[in-house]
$ cat run_25.cif   # mmCIF, C-alpha atoms
data_structure
loop_
_atom_site.group_PDB
_atom_site.id
_atom_site.type_symbol
_atom_site.label_atom_id
_atom_site.label_comp_id
_atom_site.auth_asym_id
_atom_site.auth_seq_id
_atom_site.Cartn_x
_atom_site.Cartn_y
_atom_site.Cartn_z
ATOM 1 C CA MET A 1 105.378 123.371 137.406
ATOM 2 C CA GLU A 2 107.140 121.248 134.764
ATOM 3 C CA ALA A 3 104.801 119.278 132.493
ATOM 4 C CA ARG A 4 105.110 115.502 132.679
ATOM 5 C CA ASP A 5 105.259 113.217 129.665
ATOM 6 C CA THR A 6 102.294 110.905 130.227
ATOM 7 C CA LYS A 7 102.948 108.744 127.167
ATOM 8 C CA GLU A 8 104.006 105.166 127.756
ATOM 9 C CA HIS A 9 107.372 104.330 126.244
ATOM 10 C CA VAL A 10 106.809 100.773 125.052
ATOM 11 C CA ILE A 11 110.310 100.606 123.558
ATOM 12 C CA GLU A 12 113.183 102.335 125.365
ATOM 13 C CA VAL A 13 116.734 102.278 124.022
ATOM 14 C CA THR A 14 119.536 103.995 125.924
ATOM 15 C CA ASP A 15 123.167 104.234 124.737
ATOM 16 C CA LEU A 16 122.847 100.939 122.835
ATOM 17 C CA ARG A 17 126.064 99.375 121.528
ATOM 18 C CA ARG A 18 126.895 96.315 119.433
ATOM 19 C CA VAL A 19 130.458 95.240 118.706
ATOM 20 C CA TYR A 20 131.437 92.345 116.445
ATOM 21 C CA GLY A 21 134.630 90.315 116.278
ATOM 22 C CA GLY A 22 137.672 92.388 115.426
ATOM 23 C CA GLY A 23 136.244 95.383 117.242
ATOM 24 C CA PHE A 24 133.831 96.543 114.542
ATOM 25 C CA GLN A 25 131.209 98.798 116.144
ATOM 26 C CA ALA A 26 127.934 98.234 114.313
ATOM 27 C CA VAL A 27 125.884 100.258 116.822
ATOM 28 C CA ARG A 28 127.631 103.125 118.568
ATOM 29 C CA GLY A 29 125.593 104.367 121.486
ATOM 30 C CA ILE A 30 122.139 105.150 120.117
ATOM 31 C CA SER A 31 119.127 106.223 122.189
ATOM 32 C CA PHE A 32 115.458 106.531 121.237
ATOM 33 C CA HIS A 33 111.992 105.551 122.439
ATOM 34 C CA VAL A 34 108.724 104.448 120.854
ATOM 35 C CA ASP A 35 105.360 105.197 122.454
ATOM 36 C CA ARG A 36 102.386 102.854 122.634
ATOM 37 C CA GLY A 37 100.303 103.000 119.473
ATOM 38 C CA GLU A 38 103.082 104.637 117.440
ATOM 39 C CA ILE A 39 104.729 103.659 114.152
ATOM 40 C CA PHE A 40 108.481 104.261 114.339
ATOM 41 C CA ALA A 41 110.702 103.795 111.275
ATOM 42 C CA LEU A 42 114.383 102.957 111.553
ATOM 43 C CA LEU A 43 116.147 104.042 108.364
ATOM 44 C CA GLY A 44 119.731 103.864 107.230
ATOM 45 C CA THR A 45 122.138 103.088 104.433
ATOM 46 C CA ASN A 46 123.526 99.553 104.052
ATOM 47 C CA GLY A 47 125.782 98.839 107.003
ATOM 48 C CA ALA A 48 124.253 101.620 109.088
ATOM 49 C CA GLY A 49 123.373 99.275 111.949
ATOM 50 C CA LYS A 50 119.635 98.754 111.372
ATOM 51 C CA THR A 51 119.684 94.960 111.372
ATOM 52 C CA SER A 52 121.966 94.804 114.402
ATOM 53 C CA THR A 53 119.691 97.182 116.288
ATOM 54 C CA VAL A 54 116.533 95.237 115.442
ATOM 55 C CA GLU A 55 118.146 91.926 116.443
ATOM 56 C CA LEU A 56 118.980 93.423 119.833
ATOM 57 C CA LEU A 57 115.439 94.769 120.242
ATOM 58 C CA GLU A 58 114.023 91.343 119.413
ATOM 59 C CA GLY A 59 116.228 89.780 122.091
ATOM 60 C CA LEU A 60 118.229 87.638 119.672
ATOM 61 C CA GLU A 61 121.554 88.950 120.968
ATOM 62 C CA ARG A 62 122.865 90.546 124.146
ATOM 63 C CA PRO A 63 123.957 94.200 123.754
ATOM 64 C CA ASP A 64 127.618 95.006 124.279
ATOM 65 C CA GLY A 65 126.571 98.159 126.084
ATOM 66 C CA GLY A 66 123.535 100.235 126.927
ATOM 67 C CA ARG A 67 120.006 99.280 127.902
ATOM 68 C CA ILE A 68 116.860 98.047 126.140
ATOM 69 C CA ARG A 69 113.390 97.761 127.590
ATOM 70 C CA ILE A 70 110.440 96.308 125.665
ATOM 71 C CA LEU A 71 107.196 96.685 127.598
ATOM 72 C CA GLY A 72 109.342 97.354 130.651
ATOM 73 C CA HIS A 73 111.450 94.190 130.306
ATOM 74 C CA ASP A 74 114.883 93.243 128.988
ATOM 75 C CA PRO A 75 114.158 91.371 125.726
ATOM 76 C CA TYR A 76 117.263 89.168 126.102
ATOM 77 C CA THR A 77 117.299 88.198 129.775
ATOM 78 C CA GLU A 78 113.491 88.225 130.067
ATOM 79 C CA ARG A 79 112.731 86.778 126.653
ATOM 80 C CA ALA A 80 110.101 84.400 128.034
ATOM 81 C CA VAL A 81 108.099 87.398 129.250
ATOM 82 C CA VAL A 82 108.587 89.639 126.215
ATOM 83 C CA ARG A 83 108.316 87.180 123.320
ATOM 84 C CA PRO A 84 104.612 86.248 123.735
ATOM 85 C CA ARG A 85 103.700 89.935 123.561
ATOM 86 C CA THR A 86 105.636 90.720 120.381
ATOM 87 C CA GLY A 87 105.341 89.821 116.709
ATOM 88 C CA VAL A 88 108.292 89.632 114.337
ATOM 89 C CA MET A 89 108.245 89.786 110.552
ATOM 90 C CA LEU A 90 111.722 88.872 109.367
ATOM 91 C CA GLN A 91 113.251 90.237 106.178
ATOM 92 C CA GLU A 92 113.023 86.750 104.701
ATOM 93 C CA GLY A 93 111.072 83.881 106.232
ATOM 94 C CA GLY A 94 111.781 80.205 105.645
ATOM 95 C CA PHE A 95 108.730 77.978 105.209
ATOM 96 C CA PRO A 96 108.415 74.268 104.327
ATOM 97 C CA SER A 97 107.649 74.509 100.632
ATOM 98 C CA GLU A 98 105.315 71.492 100.494
ATOM 99 C CA LEU A 99 102.924 72.744 103.190
ATOM 100 C CA THR A 100 99.904 74.798 102.237
ATOM 101 C CA VAL A 101 99.445 78.341 103.470
ATOM 102 C CA LYS A 102 96.830 77.175 105.986
ATOM 103 C CA GLU A 103 99.015 74.314 107.225
ATOM 104 C CA THR A 104 101.966 76.663 107.660
ATOM 105 C CA ALA A 105 99.886 79.103 109.667
ATOM 106 C CA ARG A 106 98.435 76.304 111.823
ATOM 107 C CA MET A 107 101.938 74.999 112.533
ATOM 108 C CA TRP A 108 103.061 78.476 113.569
ATOM 109 C CA ALA A 109 99.939 79.063 115.647
ATOM 110 C CA GLY A 110 100.818 75.993 117.694
ATOM 111 C CA CYS A 111 103.903 77.847 118.918
ATOM 112 C CA VAL A 112 101.990 81.010 119.865
ATOM 113 C CA SER A 113 100.096 81.706 123.082
ATOM 114 C CA GLY A 114 96.515 82.869 122.550
ATOM 115 C CA ALA A 115 96.803 82.785 118.758
ATOM 116 C CA ARG A 116 94.041 84.379 116.735
ATOM 117 C CA PRO A 117 92.156 82.057 114.325
ATOM 118 C CA VAL A 118 94.274 81.140 111.318
ATOM 119 C CA GLY A 119 91.548 82.212 108.901
ATOM 120 C CA GLU A 120 91.393 85.630 110.516
ATOM 121 C CA ALA A 121 95.158 86.112 110.229
ATOM 122 C CA LEU A 122 95.156 85.107 106.561
ATOM 123 C CA ALA A 123 92.198 87.379 105.817
ATOM 124 C CA LEU A 124 93.991 90.346 107.391
ATOM 125 C CA VAL A 125 96.770 90.104 104.809
ATOM 126 C CA GLY A 126 94.616 89.141 101.838
ATOM 127 C CA LEU A 127 95.582 85.457 101.701
ATOM 128 C CA ALA A 128 92.210 83.883 102.524
ATOM 129 C CA GLY A 129 91.866 82.779 98.915
ATOM 130 C CA LYS A 130 95.309 81.131 98.983
ATOM 131 C CA ALA A 131 94.760 79.009 102.105
ATOM 132 C CA ASP A 132 95.018 75.679 100.244
ATOM 133 C CA VAL A 133 97.901 76.706 97.959
ATOM 134 C CA ARG A 134 101.328 75.219 98.649
ATOM 135 C CA VAL A 135 103.945 77.679 99.830
ATOM 136 C CA LYS A 136 106.224 76.845 96.889
ATOM 137 C CA GLN A 137 103.506 78.084 94.526
ATOM 138 C CA LEU A 138 103.259 81.532 96.127
ATOM 139 C CA SER A 139 104.778 84.591 94.503
ATOM 140 C CA GLY A 140 107.421 86.571 96.359
ATOM 141 C CA GLY A 141 104.852 89.168 97.364
ATOM 142 C CA GLU A 142 102.454 86.486 98.648
ATOM 143 C CA ARG A 143 105.213 84.999 100.768
ATOM 144 C CA ARG A 144 105.745 88.410 102.327
ATOM 145 C CA ARG A 145 102.039 88.512 103.137
ATOM 146 C CA LEU A 146 102.362 85.102 104.777
ATOM 147 C CA ASP A 147 105.326 86.413 106.805
ATOM 148 C CA LEU A 148 103.107 89.229 108.052
ATOM 149 C CA ALA A 149 100.178 86.900 108.829
ATOM 150 C CA LEU A 150 102.411 84.761 111.045
ATOM 151 C CA ALA A 151 103.716 87.851 112.839
ATOM 152 C CA LEU A 152 100.119 88.822 113.620
ATOM 153 C CA LEU A 153 98.952 85.423 114.903
ATOM 154 C CA GLY A 154 99.714 86.233 118.536
ATOM 155 C CA LYS A 155 97.868 89.578 118.538
ATOM 156 C CA PRO A 156 101.133 91.357 119.405
ATOM 157 C CA GLU A 157 101.364 94.515 121.472
ATOM 158 C CA VAL A 158 104.676 95.289 119.762
ATOM 159 C CA LEU A 159 105.254 94.445 116.112
ATOM 160 C CA PHE A 160 108.682 94.417 114.440
ATOM 161 C CA LEU A 161 108.523 94.683 110.654
ATOM 162 C CA ASP A 162 111.759 94.207 108.712
ATOM 163 C CA GLU A 163 111.276 95.453 105.133
ATOM 164 C CA PRO A 164 107.560 94.505 105.194
ATOM 165 C CA THR A 165 106.639 95.357 101.599
ATOM 166 C CA THR A 166 109.653 94.040 99.701
ATOM 167 C CA GLY A 167 108.387 92.145 96.660
ATOM 168 C CA LEU A 168 104.839 93.486 96.857
ATOM 169 C CA ASP A 169 103.190 95.218 93.929
ATOM 170 C CA ALA A 170 101.775 98.728 94.333
ATOM 171 C CA GLU A 171 98.332 97.469 95.402
ATOM 172 C CA GLY A 172 99.796 95.024 97.897
ATOM 173 C CA ARG A 173 102.026 97.716 99.348
ATOM 174 C CA ARG A 174 99.090 100.066 99.840
ATOM 175 C CA ASP A 175 97.008 97.295 101.427
ATOM 176 C CA THR A 176 99.852 96.546 103.843
ATOM 177 C CA TRP A 177 100.161 100.212 104.723
ATOM 178 C CA ASP A 178 96.434 100.354 105.489
ATOM 179 C CA LEU A 179 96.740 97.261 107.695
ATOM 180 C CA VAL A 180 99.721 98.666 109.608
ATOM 181 C CA ARG A 181 97.848 101.928 110.207
ATOM 182 C CA ALA A 182 94.805 99.989 111.438
ATOM 183 C CA LEU A 183 97.006 98.015 113.842
ATOM 184 C CA ARG A 184 98.522 101.263 115.091
ATOM 185 C CA ASP A 185 95.093 102.796 115.583
ATOM 186 C CA ALA A 186 94.070 99.725 117.610
ATOM 187 C CA GLY A 187 97.007 100.294 119.969
ATOM 188 C CA THR A 188 99.779 98.137 118.486
ATOM 189 C CA THR A 189 103.236 99.662 118.632
ATOM 190 C CA VAL A 190 105.126 99.166 115.353
ATOM 191 C CA LEU A 191 108.841 99.450 114.648
ATOM 192 C CA LEU A 192 109.737 98.998 111.004
ATOM 193 C CA THR A 193 112.779 99.126 108.802
ATOM 194 C CA THR A 194 112.374 99.919 105.126
ATOM 195 C CA HIS A 195 114.358 100.952 102.078
ATOM 196 C CA TYR A 196 111.244 102.597 100.634
ATOM 197 C CA LEU A 197 111.497 106.169 101.878
ATOM 198 C CA GLU A 198 108.013 106.910 100.549
ATOM 199 C CA GLU A 199 106.802 104.142 102.860
ATOM 200 C CA ALA A 200 108.513 105.671 105.888
ATOM 201 C CA GLU A 201 107.255 109.138 105.004
ATOM 202 C CA GLY A 202 103.669 107.943 104.630
ATOM 203 C CA LEU A 203 103.527 105.525 107.565
ATOM 204 C CA ALA A 204 105.823 106.652 110.340
ATOM 205 C CA ASP A 205 104.740 108.918 113.171
ATOM 206 C CA ARG A 206 108.423 109.384 113.947
ATOM 207 C CA LEU A 207 111.668 108.037 112.549
ATOM 208 C CA ALA A 208 115.401 107.865 113.093
ATOM 209 C CA VAL A 209 118.083 107.829 110.398
ATOM 210 C CA LEU A 210 121.071 105.650 111.242
ATOM 211 C CA HIS A 211 124.470 106.199 109.663
ATOM 212 C CA GLN A 212 127.594 104.256 110.585
ATOM 213 C CA GLY A 213 126.030 103.047 113.815
ATOM 214 C CA ARG A 214 124.831 106.417 115.058
ATOM 215 C CA ILE A 215 121.558 108.337 114.827
ATOM 216 C CA ALA A 216 122.196 111.127 112.328
ATOM 217 C CA ALA A 217 118.677 112.601 112.484
ATOM 218 C CA ALA A 218 115.409 111.897 114.282
ATOM 219 C CA GLY A 219 111.907 113.324 114.578
ATOM 220 C CA THR A 220 108.674 113.297 112.626
ATOM 221 C CA PRO A 221 109.053 112.961 108.839
ATOM 222 C CA ALA A 222 108.099 116.643 108.544
ATOM 223 C CA GLU A 223 110.744 117.675 111.079
ATOM 224 C CA VAL A 224 113.467 115.697 109.324
ATOM 225 C CA THR A 225 112.593 117.040 105.868
ATOM 226 C CA ALA A 226 112.165 120.621 107.157
ATOM 227 C CA ALA A 227 115.888 120.749 107.811
ATOM 228 C CA GLN A 228 116.484 120.566 104.041
ATOM 229 C CA PRO A 229 115.852 123.407 101.541
ATOM 230 C CA SER A 230 112.798 123.451 99.301
ATOM 231 C CA ARG A 231 113.109 123.719 95.514
ATOM 232 C CA ILE A 232 111.672 125.893 92.770
ATOM 233 C CA SER A 233 112.445 125.204 89.132
ATOM 234 C CA PHE A 234 111.215 126.877 85.933
ATOM 235 C CA GLN A 235 112.242 127.870 82.436
ATOM 236 C CA LEU A 236 113.343 131.456 81.899
ATOM 237 C CA PRO A 237 111.135 133.296 79.377
ATOM 238 C CA GLU A 238 112.782 134.010 76.030
ATOM 239 C CA GLY A 239 114.886 137.165 76.186
ATOM 240 C CA TYR A 240 115.291 137.032 79.990
ATOM 241 C CA PHE A 241 118.294 136.083 82.098
ATOM 242 C CA VAL A 242 118.791 135.260 85.779
ATOM 243 C CA GLY A 243 119.955 138.815 86.343
ATOM 244 C CA ASP A 244 116.502 140.037 85.305
ATOM 245 C CA LEU A 245 114.871 138.237 88.207
ATOM 246 C CA PRO A 246 114.367 139.998 91.546
ATOM 247 C CA PRO A 247 117.502 139.802 93.744
ATOM 248 C CA LEU A 248 117.520 136.144 94.804
ATOM 249 C CA GLY A 249 118.806 136.970 98.274
ATOM 250 C CA GLU A 250 115.789 139.194 98.862
ATOM 251 C CA LEU A 251 113.546 136.259 97.923
ATOM 252 C CA GLY A 252 115.202 134.064 100.539
ATOM 253 C CA VAL A 253 116.986 131.951 97.930
ATOM 254 C CA SER A 254 120.136 130.343 99.333
ATOM 255 C CA ASP A 255 121.453 128.723 96.153
ATOM 256 C CA HIS A 256 120.656 128.450 92.462
ATOM 257 C CA GLU A 257 121.666 126.555 89.335
ATOM 258 C CA VAL A 258 121.189 127.394 85.660
ATOM 259 C CA GLU A 259 121.136 124.728 82.943
ATOM 260 C CA GLY A 260 120.355 126.270 79.578
ATOM 261 C CA ARG A 261 117.087 128.094 80.229
ATOM 262 C CA LEU A 262 116.179 125.921 83.224
ATOM 263 C CA VAL A 263 116.641 127.614 86.589
ATOM 264 C CA ARG A 264 116.675 125.740 89.911
ATOM 265 C CA LEU A 265 116.377 127.664 93.166
ATOM 266 C CA ARG A 266 116.841 126.360 96.706
ATOM 267 C CA THR A 267 115.275 128.097 99.666
ATOM 268 C CA ARG A 268 114.265 127.568 103.276
ATOM 269 C CA GLU A 269 111.524 130.165 102.835
ATOM 270 C CA LEU A 270 109.417 128.538 100.161
ATOM 271 C CA GLN A 271 106.330 130.755 100.392
ATOM 272 C CA ARG A 272 108.362 133.962 100.343
ATOM 273 C CA ALA A 273 110.470 132.856 97.373
ATOM 274 C CA ALA A 274 107.544 131.491 95.346
ATOM 275 C CA THR A 275 105.383 134.546 96.009
ATOM 276 C CA GLY A 276 108.148 136.967 95.027
ATOM 277 C CA LEU A 277 108.871 135.041 91.856
ATOM 278 C CA LEU A 278 105.212 134.855 90.795
ATOM 279 C CA VAL A 279 104.620 138.547 91.538
ATOM 280 C CA TRP A 280 107.619 139.412 89.340
ATOM 281 C CA ALA A 281 106.322 137.195 86.507
ATOM 282 C CA GLU A 282 102.861 138.786 86.742
ATOM 283 C CA ARG A 283 104.246 142.293 86.599
ATOM 284 C CA ALA A 284 106.581 141.404 83.745
ATOM 285 C CA GLY A 285 103.728 139.795 81.848
ATOM 286 C CA VAL A 286 105.602 136.547 81.314
ATOM 287 C CA GLU A 287 104.845 132.861 81.873
ATOM 288 C CA LEU A 288 107.196 130.683 83.891
ATOM 289 C CA LYS A 289 106.943 127.418 81.976
ATOM 290 C CA ALA A 290 107.681 124.042 83.616
ATOM 291 C CA LEU A 291 107.179 125.683 87.002
ATOM 292 C CA ASP A 292 107.716 123.173 89.825
ATOM 293 C CA VAL A 293 107.511 124.231 93.491
ATOM 294 C CA ARG A 294 108.019 121.613 96.175
ATOM 295 C CA SER A 295 109.266 121.023 99.680
ATOM 296 C CA ALA A 296 112.170 118.671 100.218
ATOM 297 C CA SER A 297 111.257 114.973 100.200
ATOM 298 C CA LEU A 298 112.356 112.475 102.809
ATOM 299 C CA GLU A 299 114.551 110.893 100.126
ATOM 300 C CA GLU A 300 116.399 114.172 99.584
ATOM 301 C CA ALA A 301 116.741 114.675 103.321
ATOM 302 C CA PHE A 302 117.984 111.105 103.768
ATOM 303 C CA LEU A 303 120.643 111.431 101.071
ATOM 304 C CA GLN A 304 121.833 114.777 102.419
ATOM 305 C CA ILE A 305 121.996 113.446 105.981
ATOM 306 C CA ALA A 306 124.113 110.511 104.776
ATOM 307 C CA ARG A 307 126.447 112.854 102.876
ATOM 308 C CA ASP A 308 126.798 115.233 105.811
ATOM 309 C CA ALA A 309 127.455 112.395 108.260
ATOM 310 C CA SER A 310 130.101 110.883 105.966
ATOM 311 C CA GLU A 311 131.848 114.224 105.542
ATOM 312 C CA GLN A 312 131.815 114.806 109.279
ATOM 313 C CA ALA A 313 133.258 111.363 109.938
ATOM 314 C CA SER A 314 136.004 111.948 107.350
ATOM 315 C CA GLU A 315 136.920 115.271 108.949
ATOM 316 C CA GLN A 316 137.135 113.621 112.369
ATOM 317 C CA GLU A 317 139.405 110.888 110.985
ATOM 318 C CA VAL A 318 141.708 113.506 109.410
ATOM 319 C CA ALA A 319 141.792 115.497 112.650
ATOM 320 C CA ALA A 320 142.663 112.375 114.611
#

$ encode --input "run_25.cif" --output "structure tokens"
Amino acid sequence: MEARDTKEHVIEVTDLRRVYGGGFQAVRGISFHVDRGEIFALLGTNGAGKTSTVELLEGLERPDGGRIRILGHDPYTERAVVRPRTGVMLQEGGFPSELTVKETARMWAGCVSGARPVGEALALVGLAGKADVRVKQLSGGERRRLDLALALLGKPEVLFLDEPTTGLDAEGRRDTWDLVRALRDAGTTVLLTTHYLEEAEGLADRLAVLHQGRIAAAGTPAEVTAAQPSRISFQLPEGYFVGDLPPLGELGVSDHEVEGRLVRLRTRELQRAATGLLVWAERAGVELKALDVRSASLEEAFLQIARDASEQASEQEVAA
């Protein structure tokens, strides 16, 4: 008997399309889902279609094709049903500069059904001590915290975060990450966009990489990075050359570079390659200085995915 997926898909996107004037296709038939209590990151280069996709998910525009369901409803045609159950943190909020932080939050709370206490929302993002400060006196990072506080006022089931930590210092970014994880653990579904790949790698349960309006890769951060080769780099001992190493093919090395005495190896079998190399060094009685062994990062995977997708698109254009 076939196993059933019992997870609730809070966000469902099927063959989504967005076309602008002149026929430009910003979103070209993408499909994905986000489960309840999951953090999903939408990544992409500039112009990849992230903003267009998020605007459609938030119900700000009608799709030119495909289907969206947020909590089982169409976010555009059933906006009155969906909006009270979602929170939105825009990439850049606009606040009256003369109001205080507390006054701004109170004003926003008046537009939200069942809003949590303003003091609670400000405390969540570390702004309790800034409640009586005018918005114009806040730093860029503090304004981002205020953006997040307003998004959380309605105790949203679904939270859209557009570049949530832009302008924050390292401590503020870590605090925001902890808060987002706590919201996820409490059952909130989070969809975020970010240019900080470290942020996506550390926060997201799953992610999708957009390129030129299409999903170029998707999965957990580990699944996306696993598709890229790992790296080993070291300095050759004096008097040794690459040819003195064990046959690289037998170590599972797919590619290598030599720059002076620095050797860089790429492999999809990291343990095998590293073990073989270290056994050789032990037997030869030499030290591999500046030894660095690491799996591919999400940043490396992201850049390679973008390159591969661009090359594929260029080949298709030539063929056409």

$ residues_around --input "run_25.cif" --residues "Val19 in chain A" --least-positions-apart "2" --cutoff "10 Å" --atoms "all atoms listed in the file" --output "number ranges by chain"
A: 17, 21-28, 52, 63-65

$ atom_distance --input "run_25.cif" --atom1 "CA of Gly187 in chain A" --atom2 "CA of Pro75 in chain A"
20.2 Å

$ closest_residue --input "run_25.cif" --among "A:Val190, A:Ala149, A:Val118, A:Leu138" --to "Ile70 in chain A" --atoms "all atoms listed in the file"
A:Val190

$ resolve_selection --input "run_25.cif" --expression "the PyMOL selection byres ((chain A and resi 281) around 12)" --output "count of residues only"
24

$ residues_around --input "run_25.cif" --residues "Glu198 in chain A" --least-positions-apart "6" --cutoff "9 Å" --atoms "all atoms listed in the file" --output "number ranges by chain"
A: 297-299

$ residues_near_point --input "run_25.cif" --point "(116.8, 86.1, 110.7)" --cutoff "10 Å" --atoms "all atoms listed in the file" --output "PDB file with C-alpha atoms, in the coordinates of the input"
ATOM      1  CA  THR A  51     119.684  94.960 111.372  1.00  0.00           C
ATOM      2  CA  GLU A  55     118.146  91.926 116.443  1.00  0.00           C
ATOM      3  CA  LEU A  60     118.229  87.638 119.672  1.00  0.00           C
ATOM      4  CA  VAL A  88     108.292  89.632 114.337  1.00  0.00           C
ATOM      5  CA  MET A  89     108.245  89.786 110.552  1.00  0.00           C
ATOM      6  CA  LEU A  90     111.722  88.872 109.367  1.00  0.00           C
ATOM      7  CA  GLN A  91     113.251  90.237 106.178  1.00  0.00           C
ATOM      8  CA  GLU A  92     113.023  86.750 104.701  1.00  0.00           C
ATOM      9  CA  GLY A  93     111.072  83.881 106.232  1.00  0.00           C
ATOM     10  CA  GLY A  94     111.781  80.205 105.645  1.00  0.00           C
ATOM     11  CA  ASP A 162     111.759  94.207 108.712  1.00  0.00           C
TER      12      ASP A 162
END

$ closest_residue --input "run_25.cif" --among "A:Ala290, A:Val158, A:Ala273, A:Leu248" --to "Arg184 in chain A" --atoms "all atoms listed in the file"
A:Val158
